[in-house]
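Student: Provided herewith: target-v5.cif, mmCIF, C-alpha atoms and all ligand atoms.
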```
data_protein
loop_
_atom_site.group_PDB
_atom_site.id
_atom_site.type_symbol
_atom_site.label_atom_id
_atom_site.label_comp_id
_atom_site.auth_asym_id
_atom_site.auth_seq_id
_atom_site.Cartn_x
_atom_site.Cartn_y
_atom_site.Cartn_z
ATOM 1 C CA ALA A 505 0.000 0.000 0.000
ATOM 2 C CA ASP A 506 1.198 3.487 -0.756
ATOM 3 C CA PHE A 507 0.835 5.930 2.130
ATOM 4 C CA LYS A 508 2.761 8.692 0.383
ATOM 5 C CA GLY A 509 0.789 11.909 0.756
ATOM 6 C CA THR A 510 0.639 14.678 -1.814
ATOM 7 C CA VAL A 511 1.608 17.421 0.667
ATOM 8 C CA LYS A 512 5.357 17.643 1.276
ATOM 9 C CA ALA A 513 6.406 17.755 4.945
ATOM 10 C CA ASP A 514 7.611 21.257 5.795
ATOM 11 C CA TRP A 515 9.580 20.385 8.935
ATOM 12 C CA CYS A 516 13.113 21.805 9.336
ATOM 13 C CA PRO A 517 15.705 19.701 7.480
ATOM 14 C CA GLY A 518 16.994 17.061 9.910
ATOM 15 C CA CYS A 519 13.936 17.173 12.213
ATOM 16 C CA GLY A 520 13.387 13.844 13.985
ATOM 17 C CA ASN A 521 9.782 13.767 12.770
ATOM 18 C CA PHE A 522 10.970 12.643 9.333
ATOM 19 C CA ALA A 523 11.990 9.298 10.853
ATOM 20 C CA GLN A 524 8.439 8.720 12.094
ATOM 21 C CA LEU A 525 7.077 9.845 8.719
ATOM 22 C CA THR A 526 9.081 6.974 7.219
ATOM 23 C CA ALA A 527 8.568 4.374 9.950
ATOM 24 C CA ILE A 528 4.795 4.700 10.458
ATOM 25 C CA PRO A 529 3.755 4.198 6.779
ATOM 26 C CA MET A 530 6.358 1.455 6.353
ATOM 27 C CA ALA A 531 5.051 -0.396 9.410
ATOM 28 C CA LEU A 532 1.457 -0.082 8.170
ATOM 29 C CA ALA A 533 2.390 -1.237 4.667
ATOM 30 C CA GLU A 534 4.338 -4.231 5.981
ATOM 31 C CA LEU A 535 1.309 -5.264 8.017
ATOM 32 C CA GLY A 536 -0.825 -5.125 4.886
ATOM 33 C CA ILE A 537 -3.002 -2.335 6.283
ATOM 34 C CA LYS A 538 -4.508 -0.063 3.645
ATOM 35 C CA PRO A 539 -4.641 3.757 3.673
ATOM 36 C CA GLN A 540 -8.459 3.652 3.510
ATOM 37 C CA ASP A 541 -8.516 1.610 6.734
ATOM 38 C CA THR A 542 -6.129 3.915 8.610
ATOM 39 C CA VAL A 543 -6.705 7.123 10.559
ATOM 40 C CA ILE A 544 -3.896 9.345 11.842
ATOM 41 C CA VAL A 545 -5.105 11.634 14.630
ATOM 42 C CA SER A 546 -3.178 14.583 16.030
ATOM 43 C CA GLY A 547 -3.341 17.693 18.185
ATOM 44 C CA ILE A 548 -1.155 20.776 17.753
ATOM 45 C CA GLY A 549 2.588 21.064 17.244
ATOM 46 C CA CYS A 550 5.182 20.535 14.522
ATOM 47 C CA SER A 551 4.730 16.770 14.666
ATOM 48 C CA SER A 552 0.955 17.107 14.764
ATOM 49 C CA ASN A 553 0.996 18.169 11.125
ATOM 50 C CA MET A 554 1.599 14.498 10.293
ATOM 51 C CA PRO A 555 -1.983 13.759 9.044
ATOM 52 C CA GLU A 556 -1.344 16.228 6.204
ATOM 53 C CA PHE A 557 1.684 14.288 4.992
ATOM 54 C CA VAL A 558 0.375 10.702 4.992
ATOM 55 C CA LYS A 559 -2.112 9.316 2.503
ATOM 56 C CA ALA A 560 -4.710 7.974 4.949
ATOM 57 C CA TYR A 561 -7.705 9.410 6.781
ATOM 58 C CA GLY A 562 -6.627 12.153 9.163
ATOM 59 C CA PHE A 563 -8.018 14.222 11.996
ATOM 60 C CA HIS A 564 -5.976 17.265 13.001
ATOM 61 C CA GLY A 565 -7.680 18.454 16.165
ATOM 62 C CA ILE A 566 -7.038 20.800 19.047
ATOM 63 C CA HIS A 567 -4.067 20.985 21.394
ATOM 64 C CA GLY A 568 -3.577 17.905 23.554
ATOM 65 C CA ARG A 569 -6.814 16.225 22.509
ATOM 66 C CA SER A 570 -5.684 13.612 20.009
ATOM 67 C CA LEU A 571 -6.437 10.687 22.331
ATOM 68 C CA PRO A 572 -10.144 11.330 22.997
ATOM 69 C CA ALA A 573 -10.655 11.856 19.256
ATOM 70 C CA ALA A 574 -8.660 8.721 18.417
ATOM 71 C CA SER A 575 -10.615 6.669 20.986
ATOM 72 C CA GLY A 576 -13.938 7.954 19.626
ATOM 73 C CA ILE A 577 -12.965 7.105 16.050
ATOM 74 C CA LYS A 578 -11.971 3.576 17.081
ATOM 75 C CA TRP A 579 -15.180 3.073 19.047
ATOM 76 C CA ALA A 580 -17.323 4.294 16.152
ATOM 77 C CA ASN A 581 -15.558 1.948 13.735
ATOM 78 C CA PRO A 582 -13.402 -0.743 15.380
ATOM 79 C CA GLU A 583 -12.314 -1.999 11.959
ATOM 80 C CA LEU A 584 -10.040 1.013 11.520
ATOM 81 C CA THR A 585 -6.379 1.135 12.522
ATOM 82 C CA VAL A 586 -6.117 4.303 14.591
ATOM 83 C CA ILE A 587 -2.811 5.990 15.343
ATOM 84 C CA ALA A 588 -2.595 9.123 17.499
ATOM 85 C CA TYR A 589 0.583 11.095 16.914
ATOM 86 C CA GLY A 590 1.954 14.310 18.404
ATOM 87 C CA GLY A 591 4.643 15.980 20.457
ATOM 88 C CA ASP A 592 5.646 16.017 24.124
ATOM 89 C CA GLY A 593 4.124 19.450 24.669
ATOM 90 C CA ASP A 594 0.827 18.378 23.135
ATOM 91 C CA GLY A 595 0.745 14.996 24.851
ATOM 92 C CA PHE A 596 2.268 15.591 28.276
ATOM 93 C CA ASN A 597 1.243 19.183 28.907
ATOM 94 C CA GLU A 598 -2.159 19.972 27.420
ATOM 95 C CA GLY A 599 -2.928 16.283 26.942
ATOM 96 C CA THR A 600 -1.680 14.781 30.226
ATOM 97 C CA GLN A 601 -5.058 13.764 31.574
ATOM 98 C CA HIS A 602 -6.079 12.217 28.262
ATOM 99 C CA PHE A 603 -2.825 10.266 28.171
ATOM 100 C CA TYR A 604 -3.399 8.888 31.647
ATOM 101 C CA HIS A 605 -7.027 7.998 31.091
ATOM 102 C CA ALA A 606 -6.452 6.444 27.671
ATOM 103 C CA ALA A 607 -3.725 4.247 29.177
ATOM 104 C CA ARG A 608 -5.981 2.991 31.970
ATOM 105 C CA ARG A 609 -9.002 2.471 29.668
ATOM 106 C CA ASN A 610 -6.996 0.397 27.198
ATOM 107 C CA PRO A 611 -8.700 1.292 23.891
ATOM 108 C CA ASP A 612 -7.237 -0.590 20.943
ATOM 109 C CA ILE A 613 -5.286 2.355 19.520
ATOM 110 C CA THR A 614 -1.614 3.277 19.130
ATOM 111 C CA TYR A 615 -0.138 6.489 20.516
ATOM 112 C CA ILE A 616 3.249 7.645 19.212
ATOM 113 C CA VAL A 617 4.854 10.718 20.744
ATOM 114 C CA SER A 618 7.567 12.649 18.986
ATOM 115 C CA ASP A 619 9.391 13.642 22.167
ATOM 116 C CA ASN A 620 11.896 16.405 21.396
ATOM 117 C CA GLN A 621 11.922 17.810 24.940
ATOM 118 C CA ILE A 622 10.859 21.294 23.802
ATOM 119 C CA PHE A 623 7.972 23.222 22.251
ATOM 120 C CA GLY A 624 9.111 23.475 18.619
ATOM 121 C CA LEU A 625 6.165 25.045 16.780
ATOM 122 C CA THR A 626 6.081 28.008 19.186
ATOM 123 C CA THR A 627 9.853 28.429 18.739
ATOM 124 C CA GLY A 628 11.575 26.875 21.715
ATOM 125 C CA GLN A 629 9.882 26.986 25.119
ATOM 126 C CA ALA A 630 10.462 24.418 27.891
ATOM 127 C CA SER A 631 8.187 21.388 27.695
ATOM 128 C CA PRO A 632 7.250 18.836 30.382
ATOM 129 C CA THR A 633 10.158 16.621 29.271
ATOM 130 C CA SER A 634 12.836 19.377 29.130
ATOM 131 C CA ARG A 635 15.687 18.407 31.423
ATOM 132 C CA LEU A 636 16.366 20.170 34.698
ATOM 133 C CA GLY A 637 18.677 23.138 34.078
ATOM 134 C CA MET A 638 17.933 23.338 30.339
ATOM 135 C CA ARG A 639 18.060 26.863 28.934
ATOM 136 C CA THR A 640 15.128 27.704 26.693
ATOM 137 C CA LYS A 641 13.213 30.853 25.784
ATOM 138 C CA THR A 642 11.012 30.438 28.855
ATOM 139 C CA THR A 643 13.838 29.252 31.106
ATOM 140 C CA PRO A 644 16.768 31.584 30.310
ATOM 141 C CA ASP A 645 18.427 30.801 33.662
ATOM 142 C CA GLY A 646 17.838 27.076 33.334
ATOM 143 C CA ASN A 647 14.724 24.954 33.793
ATOM 144 C CA ILE A 648 13.825 24.599 37.483
ATOM 145 C CA GLU A 649 11.127 21.959 36.893
ATOM 146 C CA PRO A 650 12.155 18.292 36.911
ATOM 147 C CA PRO A 651 10.993 16.538 33.719
ATOM 148 C CA ILE A 652 8.276 13.918 33.696
ATOM 149 C CA ASN A 653 9.102 10.429 32.479
ATOM 150 C CA PRO A 654 6.407 9.456 29.945
ATOM 151 C CA VAL A 655 7.403 5.792 30.022
ATOM 152 C CA THR A 656 7.027 5.293 33.791
ATOM 153 C CA MET A 657 3.883 7.398 33.584
ATOM 154 C CA ALA A 658 2.371 5.062 30.986
ATOM 155 C CA LEU A 659 3.295 2.049 33.111
ATOM 156 C CA ASN A 660 1.762 3.632 36.204
ATOM 157 C CA ALA A 661 -1.426 4.402 34.311
ATOM 158 C CA GLY A 662 -1.855 0.782 33.235
ATOM 159 C CA ALA A 663 -0.833 0.892 29.556
ATOM 160 C CA THR A 664 -0.566 -2.624 28.149
ATOM 161 C CA PHE A 665 2.199 -1.882 25.609
ATOM 162 C CA VAL A 666 4.944 0.574 26.511
ATOM 163 C CA ALA A 667 8.012 1.317 24.407
ATOM 164 C CA ARG A 668 10.593 3.959 23.642
ATOM 165 C CA GLU A 669 12.396 4.581 20.358
ATOM 166 C CA PHE A 670 14.883 7.001 18.782
ATOM 167 C CA SER A 671 14.575 8.804 15.445
ATOM 168 C CA GLY A 672 18.197 7.902 14.731
ATOM 169 C CA ASP A 673 17.224 4.240 14.271
ATOM 170 C CA VAL A 674 14.289 4.064 11.840
ATOM 171 C CA LYS A 675 14.419 0.289 11.333
ATOM 172 C CA HIS A 676 14.224 -0.448 15.042
ATOM 173 C CA MET A 677 11.409 2.064 15.453
ATOM 174 C CA GLN A 678 9.539 0.565 12.500
ATOM 175 C CA ALA A 679 9.697 -2.931 14.036
ATOM 176 C CA THR A 680 8.348 -1.599 17.339
ATOM 177 C CA ILE A 681 5.560 0.357 15.606
ATOM 178 C CA LYS A 682 4.502 -2.856 13.850
ATOM 179 C CA LYS A 683 4.247 -4.652 17.187
ATOM 180 C CA ALA A 684 2.422 -1.709 18.727
ATOM 181 C CA ILE A 685 -0.186 -1.726 15.955
ATOM 182 C CA GLN A 686 -0.606 -5.492 16.275
ATOM 183 C CA HIS A 687 -0.992 -5.241 20.050
ATOM 184 C CA LYS A 688 -4.571 -5.580 21.289
ATOM 185 C CA GLY A 689 -5.118 -2.546 23.516
ATOM 186 C CA PHE A 690 -3.461 0.804 24.149
ATOM 187 C CA SER A 691 0.088 0.834 22.806
ATOM 188 C CA PHE A 692 2.374 3.740 23.590
ATOM 189 C CA ILE A 693 5.744 4.636 22.064
ATOM 190 C CA ASP A 694 7.760 7.605 23.287
ATOM 191 C CA VAL A 695 10.211 8.550 20.524
ATOM 192 C CA PHE A 696 13.343 10.606 21.156
ATOM 193 C CA SER A 697 12.984 12.865 18.164
ATOM 194 C CA PRO A 698 15.576 15.663 18.045
ATOM 195 C CA CYS A 699 14.395 19.209 17.360
ATOM 196 C CA VAL A 700 17.459 20.361 15.461
ATOM 197 C CA THR A 701 16.399 24.009 15.535
ATOM 198 C CA TYR A 702 15.513 24.697 19.176
ATOM 199 C CA ASN A 703 16.963 21.912 21.321
ATOM 200 C CA LYS A 704 20.738 21.996 21.345
ATOM 201 C CA ASP A 705 20.939 19.630 24.347
ATOM 202 C CA ASN A 706 19.123 16.500 23.211
ATOM 203 C CA THR A 707 20.717 16.086 19.794
ATOM 204 C CA TYR A 708 21.202 12.993 17.614
ATOM 205 C CA ASP A 709 24.752 12.767 19.029
ATOM 206 C CA PHE A 710 23.473 13.010 22.601
ATOM 207 C CA PHE A 711 21.198 10.004 22.071
ATOM 208 C CA ARG A 712 23.521 8.025 19.795
ATOM 209 C CA LYS A 713 26.136 7.945 22.550
ATOM 210 C CA ARG A 714 23.644 6.754 25.140
ATOM 211 C CA VAL A 715 20.844 4.602 23.743
ATOM 212 C CA TYR A 716 20.973 0.830 23.960
ATOM 213 C CA LYS A 717 18.384 -1.771 23.023
ATOM 214 C CA VAL A 718 16.640 -3.567 25.864
ATOM 215 C CA GLU A 719 16.552 -6.831 23.907
ATOM 216 C CA ASP A 720 20.375 -6.810 23.879
ATOM 217 C CA GLU A 721 20.285 -7.103 27.647
ATOM 218 C CA LYS A 722 17.804 -9.984 27.864
ATOM 219 C CA HIS A 723 14.939 -7.797 29.008
ATOM 220 C CA ASP A 724 11.683 -9.632 29.762
ATOM 221 C CA PRO A 725 8.777 -7.411 28.574
ATOM 222 C CA THR A 726 6.242 -9.423 30.587
ATOM 223 C CA ASP A 727 7.932 -8.427 33.849
ATOM 224 C CA PHE A 728 6.323 -5.191 35.037
ATOM 225 C CA MET A 729 8.921 -4.387 37.709
ATOM 226 C CA ALA A 730 11.785 -5.017 35.272
ATOM 227 C CA ALA A 731 10.049 -2.708 32.795
ATOM 228 C CA TYR A 732 9.703 -0.011 35.434
ATOM 229 C CA LYS A 733 13.351 -0.292 36.390
ATOM 230 C CA ARG A 734 14.443 0.053 32.768
ATOM 231 C CA ALA A 735 12.098 2.964 32.181
ATOM 232 C CA ASP A 736 13.615 4.777 35.130
ATOM 233 C CA GLU A 737 17.178 4.469 33.784
ATOM 234 C CA TRP A 738 18.675 7.767 32.661
ATOM 235 C CA GLY A 739 22.259 8.890 32.296
ATOM 236 C CA ASP A 740 25.139 7.463 30.305
ATOM 237 C CA LYS A 741 22.917 4.575 29.253
ATOM 238 C CA ILE A 742 19.330 5.125 28.122
ATOM 239 C CA PRO A 743 17.220 2.126 27.048
ATOM 240 C CA ILE A 744 15.029 1.931 23.957
ATOM 241 C CA GLY A 745 12.778 -0.895 22.769
ATOM 242 C CA ILE A 746 9.695 -2.622 24.147
ATOM 243 C CA PHE A 747 9.678 -2.245 27.921
ATOM 244 C CA TYR A 748 6.353 -3.877 28.677
ATOM 245 C CA GLU A 749 3.619 -5.867 26.997
ATOM 246 C CA ALA A 750 0.584 -7.454 28.664
ATOM 247 C CA ASN A 751 -2.725 -8.973 27.654
ATOM 248 C CA ASP A 752 -5.832 -7.374 29.079
ATOM 249 C CA MET A 753 -9.392 -6.718 27.956
ATOM 250 C CA THR A 754 -9.757 -3.612 25.848
ATOM 251 C CA TYR A 755 -12.247 -0.849 26.593
ATOM 252 C CA GLU A 756 -14.254 -2.043 23.618
ATOM 253 C CA GLU A 757 -14.447 -5.587 24.991
ATOM 254 C CA ARG A 758 -15.578 -4.349 28.407
ATOM 255 C CA ASP A 759 -18.352 -2.110 27.144
ATOM 256 C CA SER A 760 -21.552 -3.837 26.047
ATOM 257 C CA VAL A 761 -22.556 -0.804 23.930
ATOM 258 C CA MET A 762 -19.539 -1.518 21.732
ATOM 259 C CA LYS A 763 -21.154 -4.771 20.610
ATOM 260 C CA THR A 764 -23.005 -2.594 18.137
ATOM 261 C CA PRO A 765 -20.580 0.204 17.259
ATOM 262 C CA LEU A 766 -21.867 3.183 15.286
ATOM 263 C CA ILE A 767 -20.665 1.743 12.011
ATOM 264 C CA LYS A 768 -22.894 -1.328 12.538
ATOM 265 C CA GLN A 769 -26.013 0.646 13.403
ATOM 266 C CA PRO A 770 -28.624 1.243 10.700
ATOM 267 C CA ILE A 771 -28.203 4.635 9.123
ATOM 268 C CA THR A 772 -31.931 5.349 9.198
ATOM 269 C CA LYS A 773 -32.152 4.999 12.999
ATOM 270 C CA LEU A 774 -29.022 7.033 13.483
ATOM 271 C CA THR A 775 -30.219 9.756 11.166
ATOM 272 C CA GLU A 776 -33.524 10.006 13.008
ATOM 273 C CA GLU A 777 -31.795 10.324 16.353
ATOM 274 C CA VAL A 778 -29.437 12.985 15.091
ATOM 275 C CA LEU A 779 -32.288 14.928 13.533
ATOM 276 C CA GLN A 780 -34.337 14.734 16.736
ATOM 277 C CA GLU A 781 -31.347 16.059 18.639
ATOM 278 C CA PHE A 782 -31.056 19.143 16.463
ATOM 279 C CA TYR A 783 -34.629 20.023 15.465
HETATM 280 FE FE1 LIG B 801 11.237 19.811 13.910
HETATM 281 FE FE2 LIG B 801 12.036 21.533 15.774
HETATM 282 FE FE3 LIG B 801 11.829 22.318 13.249
HETATM 283 FE FE4 LIG B 801 9.656 21.778 14.674
HETATM 284 S S1 LIG B 801 11.105 23.445 15.058
HETATM 285 S S2 LIG B 801 10.037 21.139 12.539
HETATM 286 S S3 LIG B 801 10.348 20.066 15.937
HETATM 287 S S4 LIG B 801 13.246 20.777 14.047
#
```
Show this structure as structure tokens.
Tutor:
Amino acid sequence: ADFKGTVKADWCPGCGNFAQLTAIPMALAELGIKPQDTVIVSGIGCSSNMPEFVKAYGFHGIHGRSLPAASGIKWANPELTVIAYGGDGDGFNEGTQHFYHAARRNPDITYIVSDNQIFGLTTGQASPTSRLGMRTKTTPDGNIEPPINPVTMALNAGATFVAREFSGDVKHMQATIKKAIQHKGFSFIDVFSPCVTYNKDNTYDFFRKRVYKVEDEKHDPTDFMAAYKRADEWGDKIPIGIFYEANDMTYEERDSVMKTPLIKQPITKLTEEVLQEFY
């Protein structure tokens, strides 16, 4: 399947988002999923422009709200492959509560965050994942707020698939995205995705020197405590890969209403209800 969109991505040359723009369509194509069965959902930010650049259905919504929209789309038509995509500002600042609640509800969607540890679209303000002491436009004397760890946060919230990737390794990311899409339930991937224009701290070199693959160290992704320990590692060695994977009922399986999702309901009945609502 060809997911190549007609609109050319206008990100800065070298932006980490280009790696996801390659890996996501490649993963979908390798799984045999078609553009007409795929929806990319986003909020606001540089990365959130993704739906414009991929040939698939897209929903470019408001800041931090990609997950409720993505969940709603999946619940209306469970046959669709739904991927929410956006940045760390969008997802862990404006969207924090949605992130937490989506993880605990376990809808069968995939959430990929382009985590560049800064607000890029608004030209370089500190984000929730900016490191302590980092100088940005809003923290000229150094960031005094400790960063959140999206991976431990996802584990705490009950996400059933939790991973981290790096834009400097597209093939590895692509393999993890494939597994995330195949996973039944909420799958989350935090991607270190350098903002080459506004983040001079967390560069490709910074990550290249530090990242290692959890599978190279015999990590067991079914072991929650081992996953948590890995996720908490930060310093000279930073792990990437699949930290945790578990089987659990999805939101859709728990909710009896979902037995007849919107797509399966007769249009006539639906139309009547909608009309009654408005007139
Ligand atoms: Fe990418 Fe940063 Fe440029 Fe935005 S400002 S397109 S995140 S490099």
Student: Considering only C-alpha atoms and all ligand atoms, state which residue in the set A:Lys704, A:His605, A:Lys741, A:His564 is at the smallest distance from ligand LIG 801 (chain B).
Tutor: A:Lys704
Student: Considering all atoms listed in the file, can you say which of A:Asn581, A:Asp541, A:Gly593, A:Gly662 comes closest to Tyr732 (chain A)?
Tutor: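 The closest residue to Tyr732 (chain A) is A:Gly662.
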Student: Go through the chains and note each residue within 7 Å of ligand LIG 801 (chain B), using all atoms listed in the file, then give the set as a VMD selection string.
Tutor: chain A and resid 515 to 516 518 to 521 550 to 551 620 624 to 625 627 698 to 702
Student: Under the PyMOL selection byres (((chain A and resi 640) around 7) and not hetatm), which residues of this model are included? Write them out as a list in words.
Tutor: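 Selection result, ordered by chain and number: Gly628, Gln629, Ala630, Met638, Arg639, Lys641, Thr642, Thr643 and Pro644 of chain A.
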Student: Using all atoms listed in the file, pick whichever of A:Met554, A:Leu535, A:Ile622, A:Ala573 has the shortest atom-to-atom distance to Asp514 (chain A).
Tutor: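 The shortest atom-to-atom distance to Asp514 (chain A) comes from A:Met554.
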Student: In terms of the shortest atom-to-atom distance over all atoms listed in the file, which of A:Val558, A:Pro529, A:Ala661, A:Ser697 is closest to Gln601 (chain A)?
Tutor: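 Nearest to Gln601 (chain A): A:Ala661.
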Student: To verify the selection step, state as an mmCIF file with C-alpha atoms, keeping the file's coordinate frame which residues the PyMOL selection byres (((chain A and resi 765) around 9) and not hetatm) yields on this input.
Tutor:
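Written out: part.cif:
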```cif
data_model
loop_
_atom_site.group_PDB
_atom_site.id
_atom_site.type_symbol
_atom_site.label_atom_id
_atom_site.label_comp_id
_atom_site.auth_asym_id
_atom_site.auth_seq_id
_atom_site.Cartn_x
_atom_site.Cartn_y
_atom_site.Cartn_z
ATOM 1 C CA TRP A 579 -15.180 3.073 19.047
ATOM 2 C CA ALA A 580 -17.323 4.294 16.152
ATOM 3 C CA ASN A 581 -15.558 1.948 13.735
ATOM 4 C CA PRO A 582 -13.402 -0.743 15.380
ATOM 5 C CA VAL A 761 -22.556 -0.804 23.930
ATOM 6 C CA MET A 762 -19.539 -1.518 21.732
ATOM 7 C CA LYS A 763 -21.154 -4.771 20.610
ATOM 8 C CA THR A 764 -23.005 -2.594 18.137
ATOM 9 C CA LEU A 766 -21.867 3.183 15.286
ATOM 10 C CA ILE A 767 -20.665 1.743 12.011
ATOM 11 C CA LYS A 768 -22.894 -1.328 12.538
ATOM 12 C CA GLN A 769 -26.013 0.646 13.403
#
```
Student: Would you compute the distance between CA of Glu649 (chain A) and CA of Gly739 (chain A)? Give it in Å to one decimal.
Tutor: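 If I compute the distance from CA of Glu649 (chain A) to CA of Gly739 (chain A), I get 17.8 Å.
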Student: Find the residues around Ile548 (chain A) up to 9 Å (only C-alpha atoms counted), leave out those fewer than 4 positions away in its own chain, and share them as a PyMOL selection string.
Tutor: chain A and resi 552-553+564-570+590-591+593-594+625
Student: Find the residues around Asp694 (chain A) up to 9 Å (all atoms listed in the file counted), leave out those fewer than 6 positions away in its own chain, and share them as a list of chain:residue names.
Tutor: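 Here the qualifying residues turn out to be A:Asp592, A:Tyr615, A:Ile616, A:Val617, A:Ser618, A:Asp619, A:Pro654, A:Val655, A:Val666, A:Ala667, A:Arg668, A:Glu669, A:Phe670.
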Student: My list of candidates is A:Met753, A:Leu659, A:Val545, A:Val715. Which is closest to Lys733 (chain A) when distances are computed with all atoms listed in the file?
Tutor: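 Once distances to Lys733 (chain A) are computed over all atoms listed in the file, the minimum belongs to A:Leu659.
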